[in-house]
file start.cif (mmCIF, C-alpha atoms)
data_upload
#
loop_
_atom_site.group_PDB
_atom_site.id
_atom_site.type_symbol
_atom_site.label_atom_id
_atom_site.label_comp_id
_atom_site.auth_asym_id
_atom_site.auth_seq_id
_atom_site.Cartn_x
_atom_site.Cartn_y
_atom_site.Cartn_z
ATOM 1 C CA MET A 19 -29.846 -7.222 -20.529
ATOM 2 C CA ALA A 20 -29.226 -10.495 -22.320
ATOM 3 C CA SER A 21 -26.543 -12.503 -20.607
ATOM 4 C CA ARG A 22 -23.283 -12.773 -22.533
ATOM 5 C CA GLY A 23 -22.282 -15.785 -20.491
ATOM 6 C CA SER A 24 -21.301 -19.200 -21.810
ATOM 7 C CA VAL A 25 -23.112 -20.937 -18.936
ATOM 8 C CA LYS A 26 -26.900 -20.631 -19.052
ATOM 9 C CA PRO A 27 -29.545 -22.039 -16.703
ATOM 10 C CA PHE A 28 -30.194 -25.704 -17.537
ATOM 11 C CA VAL A 29 -33.621 -25.936 -19.136
ATOM 12 C CA HIS A 30 -35.004 -29.209 -17.758
ATOM 13 C CA PHE A 31 -33.637 -28.601 -14.293
ATOM 14 C CA ASN A 32 -34.471 -30.883 -11.401
ATOM 15 C CA ALA A 33 -32.415 -30.215 -8.249
ATOM 16 C CA LYS A 34 -33.416 -33.458 -6.535
ATOM 17 C CA HIS A 35 -32.422 -35.520 -9.568
ATOM 18 C CA ASP A 36 -29.070 -33.708 -9.860
ATOM 19 C CA ALA A 37 -28.377 -34.250 -6.163
ATOM 20 C CA GLU A 38 -28.964 -37.983 -6.614
ATOM 21 C CA VAL A 39 -26.694 -38.140 -9.667
ATOM 22 C CA LEU A 40 -23.904 -36.379 -7.738
ATOM 23 C CA ARG A 41 -24.308 -38.649 -4.715
ATOM 24 C CA LYS A 42 -24.042 -41.693 -6.946
ATOM 25 C CA ALA A 43 -20.931 -40.274 -8.632
ATOM 26 C CA MET A 44 -19.250 -39.954 -5.224
ATOM 27 C CA LYS A 45 -20.461 -43.087 -3.457
ATOM 28 C CA GLY A 46 -18.512 -46.304 -3.370
ATOM 29 C CA ILE A 47 -15.001 -46.909 -4.650
ATOM 30 C CA GLY A 48 -13.588 -44.270 -6.965
ATOM 31 C CA THR A 49 -15.213 -41.033 -7.975
ATOM 32 C CA ASP A 50 -16.875 -40.339 -11.304
ATOM 33 C CA GLU A 51 -15.249 -36.941 -11.930
ATOM 34 C CA ASP A 52 -16.672 -36.750 -15.432
ATOM 35 C CA THR A 53 -20.267 -36.833 -14.257
ATOM 36 C CA ILE A 54 -19.593 -34.261 -11.538
ATOM 37 C CA LEU A 55 -17.877 -31.711 -13.750
ATOM 38 C CA MET A 56 -20.263 -32.163 -16.669
ATOM 39 C CA LEU A 57 -23.296 -31.686 -14.459
ATOM 40 C CA LEU A 58 -22.091 -28.712 -12.407
ATOM 41 C CA ALA A 59 -20.523 -26.818 -15.318
ATOM 42 C CA ALA A 60 -23.841 -27.076 -17.164
ATOM 43 C CA ARG A 61 -25.915 -25.495 -14.366
ATOM 44 C CA SER A 62 -26.237 -21.829 -13.485
ATOM 45 C CA ASN A 63 -24.992 -20.657 -10.095
ATOM 46 C CA ASP A 64 -28.581 -20.283 -8.810
ATOM 47 C CA GLN A 65 -29.269 -23.857 -9.847
ATOM 48 C CA ARG A 66 -26.114 -25.062 -8.052
ATOM 49 C CA GLN A 67 -27.425 -23.440 -4.862
ATOM 50 C CA GLU A 68 -30.679 -25.363 -5.273
ATOM 51 C CA ILE A 69 -28.750 -28.609 -5.798
ATOM 52 C CA LYS A 70 -26.798 -27.890 -2.599
ATOM 53 C CA ALA A 71 -30.074 -27.547 -0.663
ATOM 54 C CA ALA A 72 -31.619 -30.648 -2.264
ATOM 55 C CA TYR A 73 -28.490 -32.669 -1.480
ATOM 56 C CA LYS A 74 -28.591 -31.711 2.198
ATOM 57 C CA LYS A 75 -32.315 -32.464 2.370
ATOM 58 C CA ALA A 76 -31.993 -35.892 0.752
ATOM 59 C CA PHE A 77 -28.729 -37.098 2.318
ATOM 60 C CA GLY A 78 -28.162 -34.923 5.382
ATOM 61 C CA LYS A 79 -24.728 -34.027 4.090
ATOM 62 C CA ASP A 80 -22.957 -30.902 2.882
ATOM 63 C CA LEU A 81 -22.406 -31.177 -0.877
ATOM 64 C CA VAL A 82 -19.355 -28.901 -0.927
ATOM 65 C CA LYS A 83 -17.670 -30.884 1.865
ATOM 66 C CA ASP A 84 -18.346 -34.118 0.002
ATOM 67 C CA LEU A 85 -16.967 -32.672 -3.232
ATOM 68 C CA ARG A 86 -13.841 -31.540 -1.380
ATOM 69 C CA SER A 87 -13.260 -34.972 0.077
ATOM 70 C CA GLU A 88 -13.826 -36.762 -3.246
ATOM 71 C CA LEU A 89 -11.953 -34.458 -5.601
ATOM 72 C CA GLY A 90 -8.394 -33.222 -5.445
ATOM 73 C CA GLY A 91 -6.032 -30.661 -6.891
ATOM 74 C CA LYS A 92 -7.037 -28.059 -9.424
ATOM 75 C CA LEU A 93 -10.295 -29.774 -10.342
ATOM 76 C CA GLU A 94 -11.369 -29.549 -6.693
ATOM 77 C CA ASP A 95 -10.468 -25.834 -6.584
ATOM 78 C CA LEU A 96 -12.473 -25.190 -9.734
ATOM 79 C CA ILE A 97 -15.572 -27.160 -8.696
ATOM 80 C CA VAL A 98 -15.619 -25.655 -5.188
ATOM 81 C CA ALA A 99 -15.349 -22.184 -6.759
ATOM 82 C CA LEU A 100 -18.338 -22.966 -8.986
ATOM 83 C CA MET A 101 -20.416 -23.855 -5.933
ATOM 84 C CA ALA A 102 -20.095 -20.463 -4.212
ATOM 85 C CA PRO A 103 -22.626 -17.692 -4.914
ATOM 86 C CA PRO A 104 -20.773 -15.032 -6.997
ATOM 87 C CA THR A 105 -20.828 -12.241 -4.424
ATOM 88 C CA ILE A 106 -19.648 -14.510 -1.626
ATOM 89 C CA TYR A 107 -17.001 -15.929 -3.945
ATOM 90 C CA ASP A 108 -15.593 -12.444 -4.582
ATOM 91 C CA ALA A 109 -15.728 -11.583 -0.874
ATOM 92 C CA ASN A 110 -13.878 -14.800 0.001
ATOM 93 C CA GLU A 111 -11.234 -14.227 -2.672
ATOM 94 C CA LEU A 112 -10.611 -10.722 -1.318
ATOM 95 C CA HIS A 113 -10.446 -12.005 2.260
ATOM 96 C CA LYS A 114 -7.962 -14.714 1.283
ATOM 97 C CA ALA A 115 -5.902 -12.148 -0.628
ATOM 98 C CA ILE A 116 -5.701 -9.819 2.375
ATOM 99 C CA LYS A 117 -5.441 -12.308 5.217
ATOM 100 C CA GLY A 118 -3.092 -14.813 3.629
ATOM 101 C CA VAL A 119 0.681 -14.654 3.989
ATOM 102 C CA GLY A 120 1.559 -11.426 2.214
ATOM 103 C CA THR A 121 -1.126 -9.586 0.307
ATOM 104 C CA GLU A 122 -2.134 -10.986 -3.069
ATOM 105 C CA ASP A 123 -2.404 -7.620 -4.738
ATOM 106 C CA GLN A 124 -3.263 -9.085 -8.112
ATOM 107 C CA VAL A 125 -6.562 -10.369 -6.679
ATOM 108 C CA LEU A 126 -7.472 -7.039 -5.048
ATOM 109 C CA ILE A 127 -6.673 -5.219 -8.272
ATOM 110 C CA GLU A 128 -8.573 -7.593 -10.558
ATOM 111 C CA ILE A 129 -11.769 -7.699 -8.504
ATOM 112 C CA LEU A 130 -11.974 -4.045 -7.441
ATOM 113 C CA ALA A 131 -11.070 -2.670 -10.879
ATOM 114 C CA SER A 132 -13.520 -4.852 -12.822
ATOM 115 C CA ARG A 133 -16.705 -5.119 -10.761
ATOM 116 C CA THR A 134 -19.581 -2.654 -11.141
ATOM 117 C CA CYS A 135 -20.488 -0.264 -8.317
ATOM 118 C CA GLU A 136 -23.580 -2.354 -7.517
ATOM 119 C CA GLU A 137 -21.468 -5.491 -7.342
ATOM 120 C CA ILE A 138 -18.898 -3.866 -5.064
ATOM 121 C CA LYS A 139 -21.600 -2.687 -2.668
ATOM 122 C CA GLU A 140 -22.908 -6.254 -2.456
ATOM 123 C CA ILE A 141 -19.380 -7.625 -1.993
ATOM 124 C CA VAL A 142 -18.797 -5.218 0.929
ATOM 125 C CA LYS A 143 -21.983 -6.516 2.600
ATOM 126 C CA ALA A 144 -21.084 -10.156 1.970
ATOM 127 C CA TYR A 145 -17.551 -9.577 3.284
ATOM 128 C CA LYS A 146 -18.899 -8.247 6.573
ATOM 129 C CA LYS A 147 -21.397 -11.079 6.864
ATOM 130 C CA GLU A 148 -18.945 -13.862 6.013
ATOM 131 C CA HIS A 149 -15.823 -12.518 7.707
ATOM 132 C CA GLY A 150 -17.123 -10.188 10.396
ATOM 133 C CA GLY A 151 -14.864 -7.331 9.378
ATOM 134 C CA LYS A 152 -15.003 -4.312 7.119
ATOM 135 C CA LEU A 153 -13.387 -4.747 3.728
ATOM 136 C CA GLU A 154 -12.184 -1.138 3.696
ATOM 137 C CA LYS A 155 -10.590 -1.433 7.128
ATOM 138 C CA ASP A 156 -8.868 -4.707 6.219
ATOM 139 C CA ILE A 157 -7.530 -3.194 2.994
ATOM 140 C CA MET A 158 -6.208 -0.207 4.917
ATOM 141 C CA GLY A 159 -4.458 -2.467 7.391
ATOM 142 C CA ASP A 160 -2.681 -4.269 4.594
ATOM 143 C CA THR A 161 -1.752 -1.621 2.018
ATOM 144 C CA SER A 162 -0.268 1.865 1.993
ATOM 145 C CA GLY A 163 0.261 5.077 0.076
ATOM 146 C CA HIS A 164 -1.552 6.105 -3.075
ATOM 147 C CA TYR A 165 -2.267 2.471 -3.871
ATOM 148 C CA GLN A 166 -4.245 2.226 -0.626
ATOM 149 C CA LYS A 167 -6.092 5.472 -1.386
ATOM 150 C CA MET A 168 -7.173 4.236 -4.810
ATOM 151 C CA LEU A 169 -8.383 0.891 -3.432
ATOM 152 C CA VAL A 170 -10.406 2.723 -0.776
ATOM 153 C CA ILE A 171 -11.994 4.954 -3.436
ATOM 154 C CA LEU A 172 -12.968 1.866 -5.453
ATOM 155 C CA VAL A 173 -14.503 0.213 -2.376
ATOM 156 C CA GLN A 174 -16.710 3.318 -1.918
ATOM 157 C CA ALA A 175 -18.351 2.315 -5.218
ATOM 158 C CA GLY A 176 -19.395 5.918 -5.826
ATOM 159 C CA ARG A 177 -18.579 6.366 -9.496
ATOM 160 C CA GLU A 178 -20.527 9.146 -11.169
ATOM 161 C CA GLU A 179 -22.937 8.218 -13.925
ATOM 162 C CA GLY A 180 -23.006 9.326 -17.549
ATOM 163 C CA VAL A 181 -20.733 11.775 -19.342
ATOM 164 C CA ASP A 182 -20.185 15.352 -18.286
ATOM 165 C CA GLU A 183 -19.204 16.881 -21.638
ATOM 166 C CA SER A 184 -18.156 20.144 -19.991
ATOM 167 C CA ARG A 185 -15.522 18.314 -17.965
ATOM 168 C CA VAL A 186 -13.988 15.915 -20.484
ATOM 169 C CA GLU A 187 -11.381 18.347 -21.815
ATOM 170 C CA LYS A 188 -10.632 19.665 -18.320
ATOM 171 C CA ASP A 189 -10.050 16.146 -16.927
ATOM 172 C CA ALA A 190 -7.748 15.268 -19.815
ATOM 173 C CA LYS A 191 -5.717 18.447 -19.270
ATOM 174 C CA GLU A 192 -5.513 17.813 -15.527
ATOM 175 C CA LEU A 193 -4.231 14.285 -16.100
ATOM 176 C CA PHE A 194 -1.655 15.616 -18.549
ATOM 177 C CA ALA A 195 -0.563 18.357 -16.142
ATOM 178 C CA ALA A 196 -0.389 15.850 -13.265
ATOM 179 C CA GLY A 197 1.939 13.518 -15.141
ATOM 180 C CA GLU A 198 3.669 14.173 -18.422
ATOM 181 C CA GLU A 199 3.985 17.886 -17.933
ATOM 182 C CA LYS A 200 5.636 18.135 -14.558
ATOM 183 C CA PHE A 201 8.652 16.823 -12.741
ATOM 184 C CA GLY A 202 7.297 14.235 -10.320
ATOM 185 C CA THR A 203 3.742 12.997 -10.545
ATOM 186 C CA ASP A 204 0.616 14.316 -8.862
ATOM 187 C CA GLU A 205 -0.861 10.885 -8.073
ATOM 188 C CA ASP A 206 -3.878 12.327 -6.280
ATOM 189 C CA LYS A 207 -5.160 13.837 -9.530
ATOM 190 C CA PHE A 208 -4.902 10.504 -11.316
ATOM 191 C CA ILE A 209 -6.612 8.700 -8.446
ATOM 192 C CA ASN A 210 -9.448 11.182 -8.146
ATOM 193 C CA ILE A 211 -10.325 11.230 -11.845
ATOM 194 C CA LEU A 212 -9.764 7.525 -12.575
ATOM 195 C CA GLY A 213 -11.507 6.476 -9.368
ATOM 196 C CA ASN A 214 -14.650 8.593 -9.592
ATOM 197 C CA ARG A 215 -15.654 9.200 -13.220
ATOM 198 C CA SER A 216 -17.908 6.812 -15.116
ATOM 199 C CA ALA A 217 -16.441 4.435 -17.692
ATOM 200 C CA GLU A 218 -18.228 6.296 -20.532
ATOM 201 C CA HIS A 219 -16.822 9.601 -19.321
ATOM 202 C CA LEU A 220 -13.310 8.169 -18.963
ATOM 203 C CA ARG A 221 -13.353 6.789 -22.495
ATOM 204 C CA LYS A 222 -13.931 10.322 -23.791
ATOM 205 C CA VAL A 223 -11.245 11.664 -21.461
ATOM 206 C CA PHE A 224 -8.765 9.088 -22.827
ATOM 207 C CA GLU A 225 -9.499 10.183 -26.400
ATOM 208 C CA ALA A 226 -8.941 13.820 -25.468
ATOM 209 C CA TYR A 227 -5.810 12.861 -23.519
ATOM 210 C CA LYS A 228 -4.312 11.168 -26.555
ATOM 211 C CA LYS A 229 -4.725 14.335 -28.599
ATOM 212 C CA ILE A 230 -3.056 16.454 -25.936
ATOM 213 C CA ALA A 231 -0.276 14.076 -24.895
ATOM 214 C CA GLY A 232 0.336 12.377 -28.217
ATOM 215 C CA CYS A 233 0.257 8.987 -26.504
ATOM 216 C CA ASP A 234 -2.202 6.672 -24.770
ATOM 217 C CA ILE A 235 -2.929 7.203 -21.094
ATOM 218 C CA GLU A 236 -1.554 3.695 -20.436
ATOM 219 C CA GLU A 237 1.866 4.698 -21.770
ATOM 220 C CA SER A 238 1.904 7.725 -19.468
ATOM 221 C CA LEU A 239 0.867 5.659 -16.459
ATOM 222 C CA LYS A 240 3.689 3.196 -17.105
ATOM 223 C CA GLU A 241 6.168 6.076 -17.084
ATOM 224 C CA GLU A 242 4.656 7.989 -14.180
ATOM 225 C CA CYS A 243 3.754 5.251 -11.695
ATOM 226 C CA THR A 244 5.342 2.050 -10.424
ATOM 227 C CA GLY A 245 4.462 -1.122 -8.580
ATOM 228 C CA ASN A 246 0.968 -1.820 -7.295
ATOM 229 C CA LEU A 247 -0.319 1.684 -7.981
ATOM 230 C CA GLU A 248 0.684 1.383 -11.633
ATOM 231 C CA ALA A 249 -0.903 -2.077 -11.893
ATOM 232 C CA LEU A 250 -4.145 -0.861 -10.294
ATOM 233 C CA LEU A 251 -4.486 2.316 -12.372
ATOM 234 C CA LEU A 252 -3.735 0.390 -15.576
ATOM 235 C CA ALA A 253 -6.419 -2.175 -14.674
ATOM 236 C CA VAL A 254 -8.932 0.637 -14.027
ATOM 237 C CA VAL A 255 -8.112 2.247 -17.385
ATOM 238 C CA LYS A 256 -8.407 -1.078 -19.223
ATOM 239 C CA CYS A 257 -11.740 -1.870 -17.547
ATOM 240 C CA ALA A 258 -13.084 1.590 -18.422
ATOM 241 C CA LYS A 259 -12.209 0.850 -22.049
ATOM 242 C CA SER A 260 -13.489 -2.747 -22.077
ATOM 243 C CA VAL A 261 -13.952 -5.209 -19.233
ATOM 244 C CA PRO A 262 -13.977 -8.257 -21.584
ATOM 245 C CA ALA A 263 -10.729 -7.109 -23.228
ATOM 246 C CA TYR A 264 -9.185 -6.669 -19.769
ATOM 247 C CA PHE A 265 -10.104 -10.237 -18.813
ATOM 248 C CA ALA A 266 -8.897 -11.581 -22.161
ATOM 249 C CA GLU A 267 -5.504 -10.074 -21.355
ATOM 250 C CA CYS A 268 -5.508 -11.457 -17.778
ATOM 251 C CA LEU A 269 -6.341 -14.928 -19.111
ATOM 252 C CA ARG A 270 -3.572 -14.709 -21.687
ATOM 253 C CA GLU A 271 -1.077 -13.740 -19.004
ATOM 254 C CA SER A 272 -2.262 -16.519 -16.688
ATOM 255 C CA MET A 273 -1.460 -19.142 -19.335
ATOM 256 C CA ARG A 274 1.200 -17.777 -21.619
ATOM 257 C CA ARG A 275 4.072 -17.807 -19.171
ATOM 258 C CA ALA A 276 6.333 -20.296 -17.484
ATOM 259 C CA GLY A 277 3.898 -22.295 -15.391
ATOM 260 C CA THR A 278 0.199 -21.595 -15.523
ATOM 261 C CA ASP A 279 -1.301 -19.292 -12.911
ATOM 262 C CA ASP A 280 -4.205 -21.600 -12.165
ATOM 263 C CA GLU A 281 -5.678 -19.457 -9.385
ATOM 264 C CA THR A 282 -6.236 -16.576 -11.792
ATOM 265 C CA LEU A 283 -7.419 -18.880 -14.565
ATOM 266 C CA ILE A 284 -10.006 -20.495 -12.268
ATOM 267 C CA ARG A 285 -11.141 -17.177 -10.784
ATOM 268 C CA ILE A 286 -11.793 -15.573 -14.155
ATOM 269 C CA MET A 287 -13.370 -18.601 -15.842
ATOM 270 C CA VAL A 288 -15.709 -19.107 -12.883
ATOM 271 C CA SER A 289 -16.628 -15.495 -12.204
ATOM 272 C CA ARG A 290 -17.209 -14.528 -15.849
ATOM 273 C CA SER A 291 -18.873 -17.748 -17.063
ATOM 274 C CA GLU A 292 -22.403 -16.354 -16.632
ATOM 275 C CA ARG A 293 -21.519 -12.726 -17.303
ATOM 276 C CA ASP A 294 -19.455 -11.963 -20.360
ATOM 277 C CA MET A 295 -17.483 -15.063 -21.368
ATOM 278 C CA LEU A 296 -18.730 -14.776 -24.970
ATOM 279 C CA ASP A 297 -17.379 -11.213 -25.163
ATOM 280 C CA ILE A 298 -14.107 -12.261 -23.509
ATOM 281 C CA ARG A 299 -13.713 -15.002 -26.115
ATOM 282 C CA ALA A 300 -14.315 -12.529 -28.941
ATOM 283 C CA ALA A 301 -11.839 -10.021 -27.451
ATOM 284 C CA TYR A 302 -9.276 -12.806 -26.959
ATOM 285 C CA LYS A 303 -9.564 -14.001 -30.554
ATOM 286 C CA LYS A 304 -9.352 -10.451 -31.879
ATOM 287 C CA LYS A 305 -6.283 -9.570 -29.835
ATOM 288 C CA TYR A 306 -4.273 -12.799 -30.040
ATOM 289 C CA GLY A 307 -5.502 -14.574 -33.168
ATOM 290 C CA ASP A 308 -5.924 -17.811 -31.157
ATOM 291 C CA SER A 309 -9.148 -18.909 -29.553
ATOM 292 C CA LEU A 310 -9.327 -18.967 -25.765
ATOM 293 C CA TYR A 311 -10.498 -22.569 -26.096
ATOM 294 C CA SER A 312 -7.338 -23.666 -27.927
ATOM 295 C CA THR A 313 -5.080 -21.874 -25.431
ATOM 296 C CA ILE A 314 -6.788 -23.685 -22.533
ATOM 297 C CA GLN A 315 -6.377 -26.954 -24.452
ATOM 298 C CA GLU A 316 -2.649 -26.380 -24.872
ATOM 299 C CA ASP A 317 -2.085 -25.221 -21.334
ATOM 300 C CA THR A 318 -4.072 -27.574 -19.103
ATOM 301 C CA ASP A 319 -4.956 -31.264 -19.008
ATOM 302 C CA GLY A 320 -7.230 -33.972 -17.642
ATOM 303 C CA ASP A 321 -10.592 -33.422 -15.988
ATOM 304 C CA TYR A 322 -9.493 -29.924 -14.965
ATOM 305 C CA GLN A 323 -9.063 -29.027 -18.632
ATOM 306 C CA LYS A 324 -12.410 -30.601 -19.504
ATOM 307 C CA ALA A 325 -14.188 -28.491 -16.865
ATOM 308 C CA LEU A 326 -12.475 -25.277 -18.026
ATOM 309 C CA LEU A 327 -13.455 -25.989 -21.639
ATOM 310 C CA TYR A 328 -17.077 -26.448 -20.564
ATOM 311 C CA LEU A 329 -16.986 -23.049 -18.906
ATOM 312 C CA CYS A 330 -15.357 -21.542 -21.995
ATOM 313 C CA GLY A 331 -18.312 -22.929 -23.895
ATOM 314 C CA GLY A 332 -16.910 -23.354 -27.382
ATOM 315 C CA ASN A 333 -14.096 -22.825 -29.836
ATOM 316 C CA ASP A 334 -13.886 -19.660 -31.951
#
call {"tool": "encode", "arguments": {"input": "start.cif", "output": "structure tokens"}}
result
Amino acid sequence: MASRGSVKPFVHFNAKHDAEVLRKAMKGIGTDEDTILMLLAARSNDQRQEIKAAYKKAFGKDLVKDLRSELGGKLEDLIVALMAPPTIYDANELHKAIKGVGTEDQVLIEILASRTCEEIKEIVKAYKKEHGGKLEKDIMGDTSGHYQKMLVILVQAGREEGVDESRVEKDAKELFAAGEEKFGTDEDKFINILGNRSAEHLRKVFEAYKKIAGCDIEESLKEECTGNLEALLLAVVKCAKSVPAYFAECLRESMRRAGTDDETLIRIMVSRSERDMLDIRAAYKKKYGDSLYSTIQEDTDGDYQKALLYLCGGND
């Protein structure tokens, strides 16, 4: 599969040379932020890991620690995020979301709704390795009700594959009967179907649902569910329809409100930069008429903005 990322491996890559350039940018009085962000944003994650190793070998120092001590604020957060291997990054974000003061549900929802089953299995392993605990157990200790059940189903990463034509109509009818048709909602039905069917299958179910219910499944979910469960199920539905469109919407929300939600902006720009940033940009332009690039320009500033624009990779 051709990568739809904006960040590609640097062609004439030399880890030792990059390590030396970074050391020079940090040594002495003042830090050359420009050099740091331009170099690291133009390397793939695998290449950044090689630079980390070369840096330690040449200078006996931890590159990430040095970057932390030389940079500050949002630029530091962004650069440090770029330095983590993707799976470990996701595991750390989940751990922070669960173990911090109060649960950051938005992070749990975004990561668990959007990652593939393979990715989630790897995240579960990395979580145990990095944090010594089980992701599922930690989620259960921090959440409750149907919201908890749905998160646990997603952590199982056991989605079926392909489309079962014989079940499409039946699933759509069950969803309709579980929500619109009765007084009170049968959340378990929603959770079971939305948590276990493949994205391709769900897209067909949503089409059939619209014919039966006369409205989109999202509209029904907004009426039937509330709070975190509603947010999670909506994210799952949106990701089944289109992961890039889901992220385009998350990015829009992170910037187009009073005060930018930089944590979300950084997390998405970093974690999608080598995956589907080109598709996210296209979905963003199609939905909002503006380019993602121009929104980032309007909403951020300084070296932080420069680094984000590099990850965005171009104006549409």
call {"tool": "resolve_selection", "arguments": {"input": "start.cif", "expression": "the PyMOL selection byres ((chain A and resi 215) around 10)", "output": "PyMOL selection string"}}
result
chain A and resi 176-182+189+210-214+216-221+223+258
call {"tool": "residues_around", "arguments": {"input": "start.cif", "residues": "Asp156 (chain A)", "least_positions_apart": "3", "cutoff": "12 Å", "atoms": "all atoms listed in the file", "output": "PyMOL selection string"}}
result
chain A and resi 112-118+121+126+142+145-146+149-153+159-162+166+169-170+173
call {"tool": "resolve_selection", "arguments": {"input": "start.cif", "expression": "the PyMOL selection byres ((chain A and resi 334) around 12)", "output": "PyMOL selection string"}}
result
chain A and resi 296-304+306-313+330-333
call {"tool": "atom_distance", "arguments": {"input": "start.cif", "atom1": "CA of Ile127 (chain A)", "atom2": "CA of Asp64 (chain A)"}}
result
26.6 Å
call {"tool": "resolve_selection", "arguments": {"input": "start.cif", "expression": "the PyMOL selection byres ((chain A and resi 235-250) around 8)", "output": "NGL selection string"}}
result
:A and (123 or 127 or 131 or 164-165 or 168 or 197-198 or 202-203 or 224 or 227-228 or 233-234 or 251-255)
call {"tool": "residues_near_point", "arguments": {"input": "start.cif", "point": "(-31.0, -25.0, -17.2)", "cutoff": "7 Å", "atoms": "all atoms listed in the file", "output": "PyMOL selection string"}}
result
chain A and resi 26-31+61-62
call {"tool": "residues_around", "arguments": {"input": "start.cif", "residues": "region 52-55 of chain A", "least_positions_apart": "6", "cutoff": "7 Å", "atoms": "only C-alpha atoms", "output": "MDAnalysis selection string"}}
result
chainID A and resid 40 43 321 325
call {"tool": "atom_distance", "arguments": {"input": "start.cif", "atom1": "CA of Cys135 (chain A)", "atom2": "CA of Arg66 (chain A)"}}
result
25.4 Å
call {"tool": "closest_residue", "arguments": {"input": "start.cif", "among": "A:Ala144, A:Val82, A:Ala195, A:Ile129", "to": "Arg41 (chain A)", "atoms": "all atoms listed in the file"}}
result
A:Val82
call {"tool": "closest_residue", "arguments": {"input": "start.cif", "among": "A:Lys34, A:Lys191, A:Arg22, A:Glu111", "to": "Val125 (chain A)", "atoms": "only C-alpha atoms"}}
result
A:Glu111
call {"tool": "residues_around", "arguments": {"input": "start.cif", "residues": "Met101 (chain A)", "least_positions_apart": "2", "cutoff": "8 Å", "atoms": "all atoms listed in the file", "output": "mmCIF file with C-alpha atoms, in the frame of the given file"}}
result
data_model
loop_
_atom_site.group_PDB
_atom_site.id
_atom_site.type_symbol
_atom_site.label_atom_id
_atom_site.label_comp_id
_atom_site.auth_asym_id
_atom_site.auth_seq_id
_atom_site.Cartn_x
_atom_site.Cartn_y
_atom_site.Cartn_z
ATOM 1 C CA ASN A 63 -24.992 -20.657 -10.095
ATOM 2 C CA ARG A 66 -26.114 -25.062 -8.052
ATOM 3 C CA GLN A 67 -27.425 -23.440 -4.862
ATOM 4 C CA VAL A 82 -19.355 -28.901 -0.927
ATOM 5 C CA ILE A 97 -15.572 -27.160 -8.696
ATOM 6 C CA VAL A 98 -15.619 -25.655 -5.188
ATOM 7 C CA ALA A 99 -15.349 -22.184 -6.759
ATOM 8 C CA PRO A 103 -22.626 -17.692 -4.914
#
call {"tool": "closest_residue", "arguments": {"input": "start.cif", "among": "A:Ala226, A:Arg86, A:Asp204, A:Lys92", "to": "Thr318 (chain A)", "atoms": "all atoms listed in the file"}}
result
A:Lys92
call {"tool": "decode", "arguments": {"input": "start.cif", "residues": "region 191-223 of chain A", "atoms": "C-alpha atoms", "output": "tab-separated table (two decimals), in the first residue's frame"}}
result
chain	number	residue	atom	x	y	z
A	191	LYS	CA	-33.15	-3.50	11.47
A	192	GLU	CA	-31.68	-4.45	14.84
A	193	LEU	CA	-30.10	-1.02	15.22
A	194	PHE	CA	-33.40	0.61	14.30
A	195	ALA	CA	-35.33	-1.57	16.75
A	196	ALA	CA	-32.75	-0.90	19.48
A	197	GLY	CA	-33.07	2.87	19.17
A	198	GLU	CA	-35.61	4.78	17.16
A	199	GLU	CA	-38.35	2.23	17.50
A	200	LYS	CA	-38.53	1.70	21.22
A	201	PHE	CA	-38.90	3.71	24.38
A	202	GLY	CA	-35.45	3.69	25.96
A	203	THR	CA	-32.42	2.48	24.08
A	204	ASP	CA	-30.92	-1.00	23.89
A	205	GLU	CA	-27.29	0.14	24.05
A	206	ASP	CA	-25.92	-3.39	24.01
A	207	LYS	CA	-27.20	-3.91	20.46
A	208	PHE	CA	-25.49	-0.74	19.26
A	209	ILE	CA	-22.25	-1.69	21.00
A	210	ASN	CA	-22.20	-5.24	19.69
A	211	ILE	CA	-22.82	-4.32	16.05
A	212	LEU	CA	-20.70	-1.14	15.94
A	213	GLY	CA	-17.89	-2.76	17.91
A	214	ASN	CA	-17.55	-6.03	16.01
A	215	ARG	CA	-18.46	-5.60	12.34
A	216	SER	CA	-15.91	-4.57	9.73
A	217	ALA	CA	-15.88	-1.02	8.39
A	218	GLU	CA	-16.98	-2.24	4.92
A	219	HIS	CA	-19.88	-4.14	6.46
A	220	LEU	CA	-20.91	-1.17	8.61
A	221	ARG	CA	-20.96	1.17	5.62
A	222	LYS	CA	-23.55	-1.09	3.99
A	223	VAL	CA	-25.48	-1.32	7.25
